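Below: the structure, in structure tokens.
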Amino acid sequence: SLELRANYEVGAVNLSSVFLEYKDYQRGLRALEEAFRERKTDLRRGTVEAVEIANNYAVALMGIDEKDKAGEVFEDIYDSANRNPLPVLNYLLFLVEVEKNKKSAMKVASKLKLMTEDQELRKRADELVGRLE
């Protein structure tokens, strides 16, 4: 589907999800670049599709060691009207594992806990922040 229409977001998200699952970050990134450019303006509003694309894009960037770009994309997701806690959890993981930034991690963990009642996600947030102590 992406060969027929390069900016087909559903195809980009689905294909990149498969690549990311198998840690083929470079191929996942290629599937997402065009879709991310097309939907970046929608990210601020927190549209579901834009958040999914941005989240996968940031994970792929982390996977190829493009930490600065990944951080920028995660920050954009965090600052958006996003209501999905999973990209926020990924951002928290980035702050703990890559940036080792306790202050920012605590802030993101707090927002994550406000976003969800899921006890597993809340527990995971606590565990991640605990790694920095």
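Residue numbering restarts at 1 in every chain; chains get A, B, ... in the order shown in the structure tokens, and ligands count up from 1 in that same order.
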
I'd like the neighbourhood of A:Arg27 as a PDB file with N, CA, C and O atoms, in the first residue's frame, where a residue qualifies if any of its atoms comes within 12 Å (using only C-alpha atoms), though same-chain residues fewer than 4 positions away should be ignored.
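The resulting file, part-v9.pdb, is reproduced below:
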ATOM      1  N   ALA A  12       1.657   2.905   6.941  1.00  0.00           N
ATOM      2  CA  ALA A  12       2.942   3.255   7.570  1.00  0.00           C
ATOM      3  C   ALA A  12       2.985   2.798   9.019  1.00  0.00           C
ATOM      4  O   ALA A  12       3.984   2.238   9.479  1.00  0.00           O
ATOM      5  N   LEU A  15       3.002  -1.204   9.080  1.00  0.00           N
ATOM      6  CA  LEU A  15       4.275  -1.747   8.629  1.00  0.00           C
ATOM      7  C   LEU A  15       5.388  -1.427   9.617  1.00  0.00           C
ATOM      8  O   LEU A  15       6.185  -2.284   9.972  1.00  0.00           O
ATOM      9  N   SER A  16       5.418  -0.199  10.094  1.00  0.00           N
ATOM     10  CA  SER A  16       6.478   0.171  11.041  1.00  0.00           C
ATOM     11  C   SER A  16       6.336  -0.604  12.351  1.00  0.00           C
ATOM     12  O   SER A  16       7.342  -0.961  12.962  1.00  0.00           O
ATOM     13  N   SER A  17       5.122  -0.882  12.763  1.00  0.00           N
ATOM     14  CA  SER A  17       4.922  -1.656  13.988  1.00  0.00           C
ATOM     15  C   SER A  17       5.538  -3.047  13.871  1.00  0.00           C
ATOM     16  O   SER A  17       6.143  -3.550  14.818  1.00  0.00           O
ATOM     17  N   VAL A  18       5.411  -3.642  12.704  1.00  0.00           N
ATOM     18  CA  VAL A  18       6.018  -4.962  12.476  1.00  0.00           C
ATOM     19  C   VAL A  18       7.537  -4.844  12.522  1.00  0.00           C
ATOM     20  O   VAL A  18       8.209  -5.618  13.195  1.00  0.00           O
ATOM     21  N   PHE A  19       8.079  -3.864  11.829  1.00  0.00           N
ATOM     22  CA  PHE A  19       9.535  -3.688  11.829  1.00  0.00           C
ATOM     23  C   PHE A  19      10.057  -3.412  13.237  1.00  0.00           C
ATOM     24  O   PHE A  19      11.093  -3.943  13.643  1.00  0.00           O
ATOM     25  N   LEU A  20       9.353  -2.581  13.981  1.00  0.00           N
ATOM     26  CA  LEU A  20       9.803  -2.246  15.334  1.00  0.00           C
ATOM     27  C   LEU A  20       9.716  -3.458  16.259  1.00  0.00           C
ATOM     28  O   LEU A  20      10.568  -3.643  17.121  1.00  0.00           O
ATOM     29  N   GLU A  21       8.696  -4.269  16.069  1.00  0.00           N
ATOM     30  CA  GLU A  21       8.555  -5.482  16.877  1.00  0.00           C
ATOM     31  C   GLU A  21       9.776  -6.391  16.723  1.00  0.00           C
ATOM     32  O   GLU A  21      10.236  -7.008  17.683  1.00  0.00           O
ATOM     33  N   TYR A  22      10.307  -6.434  15.504  1.00  0.00           N
ATOM     34  CA  TYR A  22      11.472  -7.263  15.228  1.00  0.00           C
ATOM     35  C   TYR A  22      12.785  -6.482  15.287  1.00  0.00           C
ATOM     36  O   TYR A  22      13.821  -6.965  14.833  1.00  0.00           O
ATOM     37  N   LYS A  23      12.715  -5.280  15.837  1.00  0.00           N
ATOM     38  CA  LYS A  23      13.885  -4.426  16.049  1.00  0.00           C
ATOM     39  C   LYS A  23      14.626  -4.087  14.759  1.00  0.00           C
ATOM     40  O   LYS A  23      15.836  -3.885  14.754  1.00  0.00           O
ATOM     41  N   ALA A  31       9.561   3.536   6.640  1.00  0.00           N
ATOM     42  CA  ALA A  31       8.111   3.459   6.462  1.00  0.00           C
ATOM     43  C   ALA A  31       7.392   4.645   7.098  1.00  0.00           C
ATOM     44  O   ALA A  31       6.299   5.004   6.697  1.00  0.00           O
ATOM     45  N   LEU A  32       8.028   5.269   8.067  1.00  0.00           N
ATOM     46  CA  LEU A  32       7.370   6.332   8.836  1.00  0.00           C
ATOM     47  C   LEU A  32       7.711   7.758   8.423  1.00  0.00           C
ATOM     48  O   LEU A  32       6.961   8.676   8.717  1.00  0.00           O
ATOM     49  N   GLU A  33       8.841   7.971   7.809  1.00  0.00           N
ATOM     50  CA  GLU A  33       9.312   9.333   7.567  1.00  0.00           C
ATOM     51  C   GLU A  33       8.294  10.201   6.839  1.00  0.00           C
ATOM     52  O   GLU A  33       8.010  11.320   7.259  1.00  0.00           O
ATOM     53  N   ASN A  56       5.853   5.692  16.981  1.00  0.00           N
ATOM     54  CA  ASN A  56       6.654   4.712  16.256  1.00  0.00           C
ATOM     55  C   ASN A  56       7.909   5.356  15.667  1.00  0.00           C
ATOM     56  O   ASN A  56       8.980   4.757  15.667  1.00  0.00           O
ATOM     57  N   TYR A  57       7.770   6.574  15.187  1.00  0.00           N
ATOM     58  CA  TYR A  57       8.906   7.298  14.620  1.00  0.00           C
ATOM     59  C   TYR A  57       9.976   7.532  15.692  1.00  0.00           C
ATOM     60  O   TYR A  57      11.160   7.292  15.457  1.00  0.00           O
ATOM     61  N   ALA A  60      11.732   4.261  16.530  1.00  0.00           N
ATOM     62  CA  ALA A  60      12.672   3.906  15.465  1.00  0.00           C
ATOM     63  C   ALA A  60      13.926   4.775  15.537  1.00  0.00           C
ATOM     64  O   ALA A  60      15.044   4.277  15.361  1.00  0.00           O
ATOM     65  N   LEU A  61      13.753   6.060  15.810  1.00  0.00           N
ATOM     66  CA  LEU A  61      14.906   6.950  15.947  1.00  0.00           C
ATOM     67  C   LEU A  61      15.796   6.520  17.108  1.00  0.00           C
ATOM     68  O   LEU A  61      17.023   6.540  17.002  1.00  0.00           O
ATOM     69  N   GLY A  63      16.109   3.527  18.159  1.00  0.00           N
ATOM     70  CA  GLY A  63      16.726   2.277  17.745  1.00  0.00           C
ATOM     71  C   GLY A  63      17.939   2.460  16.854  1.00  0.00           C
ATOM     72  O   GLY A  63      18.827   1.607  16.835  1.00  0.00           O
ATOM     73  N   ILE A  64      17.991   3.571  16.101  1.00  0.00           N
ATOM     74  CA  ILE A  64      19.162   3.818  15.248  1.00  0.00           C
ATOM     75  C   ILE A  64      20.091   4.849  15.884  1.00  0.00           C
ATOM     76  O   ILE A  64      20.943   5.414  15.222  1.00  0.00           O
TER      77      ILE A  64
END

Counting only C-alpha atoms, the residue among A:Glu127, A:Glu133, A:Glu66, A:Glu52 that lies closest to A:Val88 is A:Glu52

Any chance you could tabulate, as CSV, the residues of stretch 30-61 of chain A at most 10 Å from stretch 89-98 of chain A with each one's nearest atom pair and distance in Å to one decimal, using only C-alpha atoms, in chain and rising number order?
residue,atom,partner,partner_atom,distance
A:Asn55,CA,A:Asn90,CA,7.9
A:Asn56,CA,A:Asn90,CA,9.8
A:Ala58,CA,A:Tyr91,CA,8.8
A:Val59,CA,A:Asn90,CA,7.8

Write out, as JSON lines, each residue of stretch 26-82 of chain A that has an atom at most 12 Å from stretch 110-118 of chain A, together with the closest pair of atoms and their distance in Å to one decimal, counting only C-alpha atoms, rows going by chain and rising number.
{"residue": "A:Tyr78", "atom": "CA", "partner": "A:Lys111", "partner_atom": "CA", "distance": 9.1}
{"residue": "A:Asp79", "atom": "CA", "partner": "A:Lys111", "partner_atom": "CA", "distance": 10.9}
{"residue": "A:Ala81", "atom": "CA", "partner": "A:Met115", "partner_atom": "CA", "distance": 11.4}
{"residue": "A:Asn82", "atom": "CA", "partner": "A:Met115", "partner_atom": "CA", "distance": 9.6}

Give me the residues near A:Ser80 as a compact mmCIF listing (two decimals) with C-alpha atoms, in the first residue's frame, where near means some atom within 12 Å (using only C-alpha atoms) and where sequence neighbours in that chain fewer than 6 positions away do not count.
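Saved file result-v1.txt follows:
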# COMPACT_ATOMS: atom_id res chain seq x y z
CA LYS A 40 3.33 16.44 12.20
CA THR A 41 0.98 19.44 12.20
CA ASP A 42 -1.80 17.21 13.58
CA LEU A 43 0.36 16.07 16.47
CA ARG A 44 -0.29 19.20 18.53
CA ARG A 45 -4.01 18.38 18.56
CA GLY A 46 -3.15 14.85 19.69
CA THR A 47 -4.99 13.06 16.91
CA VAL A 48 -4.78 9.30 17.32
CA ALA A 50 -0.52 11.46 14.43
CA VAL A 51 0.37 10.22 17.92
CA ALA A 54 5.06 10.00 16.06
CA VAL A 73 9.52 13.82 18.88
CA PHE A 74 8.71 12.43 22.34
CA PRO A 87 3.68 6.98 24.06
CA VAL A 88 4.13 8.74 27.40

Worksheet item: Can you list every residue in chain A that DSSP puts in alpha helix (DSSP H), as a VMD selection string?
Response: chain A and resid 9 to 21 25 to 43 48 to 63 67 to 79 85 to 94 102 to 115 119 to 130

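The interatomic distance for the pair atom CA of A:Val108 and atom CA of A:Asn14 works out to 26.7 Å.
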
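Between atom CA of A:Ser104 and atom CA of A:Asp76 there is a distance of 14.2 Å.
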
In Å and to one decimal, atom CA of A:Val129 is distant from atom CA of A:Arg83 by 21.1 Å
